[in-house]
Amino acid sequence: MMSFWQQLYYFVIYVKKKYCIMKLYPLLLFCFIFFSCKKSDGPSVESLLTGTNWHLTAYAENQVSKSLTVAQKHFTKSYTSNKNFRSSDGFVGTWQLNSSSELVETYANFPSGGSVIQSNSIVTITSKSLILQYTSNGVQITTTYSDGN
């Protein structure tokens with residue numbers, strides 16, 4: 001049989017353990033809520049790019065805005081989920097994302113007869129806006145598109 005002091009000792013240990021665990025309940029609850037909530041990264045770059053008829057709204061060369069010509073004001077480009085693209089000036093080709101900020105277009109029907117690859121930096125992409133940047137003959141070109149709505 002245990003003595004009074006042994007029983008008291010075990011009781012104190014039991015209370016300390018229970019009290020210590022009770023102190024942990026708020027922390028455990030916080031951890032459970034924080035880690036169990038589903039985090040949403042938002043739509044992917046690919047889903048934002050495809051399914052929209054992008055209308056050219058601005059054009060700049062070396063960060064100097066240029067006025068759009070009548071033809072440029074009507075220029076559109078669309079990207080499909082099967083990795084094809086088409087522009088309103090008749091160019092077609094394929095596209096791929098090398099990263100979330102690099103769009104590579106391969107033009108299949110360039111006037112020179114061969115395919116031409118153009119690498120674009122995606123400056124901004126949302127469901128309403130697309131800003132691409134590339135360099136052509138040493139000139140930095142920035143094109144801004146809207147979803148046309």
# chains A, B, ... in the order shown; residues from 1 in each chain; ligands from 1
$ select_by_dssp --residues "range 21-139 of chain A" --states "strand (DSSP E or B)" --output "PyMOL selection string"
chain A and resi 50+53-61+64-66+76-79+84-87+92-99+102-107+116-125+129-136+139
$ write_last_selection --atoms "C-alpha atoms" --output "mmCIF file, in the first residue's frame"
data_model
loop_
_atom_site.group_PDB
_atom_site.id
_atom_site.type_symbol
_atom_site.label_atom_id
_atom_site.label_comp_id
_atom_site.auth_asym_id
_atom_site.auth_seq_id
_atom_site.Cartn_x
_atom_site.Cartn_y
_atom_site.Cartn_z
ATOM 1 C CA THR A 50 -6.235 30.575 -72.133
ATOM 2 C CA ASN A 53 -9.493 36.892 -76.575
ATOM 3 C CA TRP A 54 -6.754 39.361 -75.630
ATOM 4 C CA HIS A 55 -7.113 42.853 -77.190
ATOM 5 C CA LEU A 56 -4.033 45.035 -77.611
ATOM 6 C CA THR A 57 -4.537 48.241 -75.605
ATOM 7 C CA ALA A 58 -1.017 49.685 -75.311
ATOM 8 C CA TYR A 59 2.378 49.372 -76.953
ATOM 9 C CA ALA A 60 5.766 50.720 -75.849
ATOM 10 C CA GLU A 61 9.314 50.629 -77.195
ATOM 11 C CA VAL A 64 8.238 54.913 -74.378
ATOM 12 C CA SER A 65 4.520 54.605 -75.133
ATOM 13 C CA LYS A 66 3.566 54.653 -78.803
ATOM 14 C CA THR A 76 -6.285 40.385 -80.816
ATOM 15 C CA LYS A 77 -4.524 37.216 -79.771
ATOM 16 C CA SER A 78 -5.928 34.078 -78.181
ATOM 17 C CA TYR A 79 -4.284 31.089 -76.543
ATOM 18 C CA ASN A 84 -2.011 26.744 -79.833
ATOM 19 C CA PHE A 85 -2.369 30.460 -80.421
ATOM 20 C CA ARG A 86 -3.873 32.626 -83.136
ATOM 21 C CA SER A 87 -3.625 36.364 -83.739
ATOM 22 C CA VAL A 92 -0.711 30.926 -85.767
ATOM 23 C CA GLY A 93 1.568 28.725 -83.745
ATOM 24 C CA THR A 94 2.155 26.947 -80.495
ATOM 25 C CA TRP A 95 2.983 28.252 -77.046
ATOM 26 C CA GLN A 96 4.451 26.961 -73.808
ATOM 27 C CA LEU A 97 5.179 28.278 -70.360
ATOM 28 C CA ASN A 98 8.809 27.707 -69.380
ATOM 29 C CA SER A 99 7.989 29.239 -65.990
ATOM 30 C CA GLU A 102 8.076 33.150 -69.364
ATOM 31 C CA LEU A 103 5.789 32.551 -72.331
ATOM 32 C CA VAL A 104 7.454 31.100 -75.434
ATOM 33 C CA GLU A 105 5.581 31.382 -78.732
ATOM 34 C CA THR A 106 6.581 29.449 -81.845
ATOM 35 C CA TYR A 107 5.133 31.051 -84.971
ATOM 36 C CA VAL A 116 10.139 31.746 -85.438
ATOM 37 C CA ILE A 117 10.444 31.475 -81.670
ATOM 38 C CA GLN A 118 9.673 34.488 -79.503
ATOM 39 C CA SER A 119 10.302 34.456 -75.768
ATOM 40 C CA ASN A 120 8.077 36.821 -73.769
ATOM 41 C CA SER A 121 8.411 37.824 -70.149
ATOM 42 C CA ILE A 122 5.037 37.907 -68.439
ATOM 43 C CA VAL A 123 5.124 41.188 -66.531
ATOM 44 C CA THR A 124 1.533 40.942 -65.278
ATOM 45 C CA ILE A 125 -1.335 38.547 -65.810
ATOM 46 C CA SER A 129 -4.996 42.170 -68.094
ATOM 47 C CA LEU A 130 -1.903 40.710 -69.750
ATOM 48 C CA ILE A 131 1.398 42.576 -70.092
ATOM 49 C CA LEU A 132 4.157 40.929 -72.123
ATOM 50 C CA GLN A 133 7.703 42.119 -72.721
ATOM 51 C CA TYR A 134 10.254 40.922 -75.267
ATOM 52 C CA THR A 135 13.302 42.228 -77.096
ATOM 53 C CA SER A 136 13.424 42.563 -80.874
ATOM 54 C CA VAL A 139 14.491 47.196 -78.689
#
$ atom_distance --atom1 "CA of Thr80 in chain A" --atom2 "CA of Val45 in chain A"
12.7 Å
$ residues_around --residues "Ser44 in chain A" --least-positions-apart "3" --cutoff "10 Å" --atoms "only C-alpha atoms" --output "VMD selection string"
chain A and resid 41 47 to 49 100 125 to 126
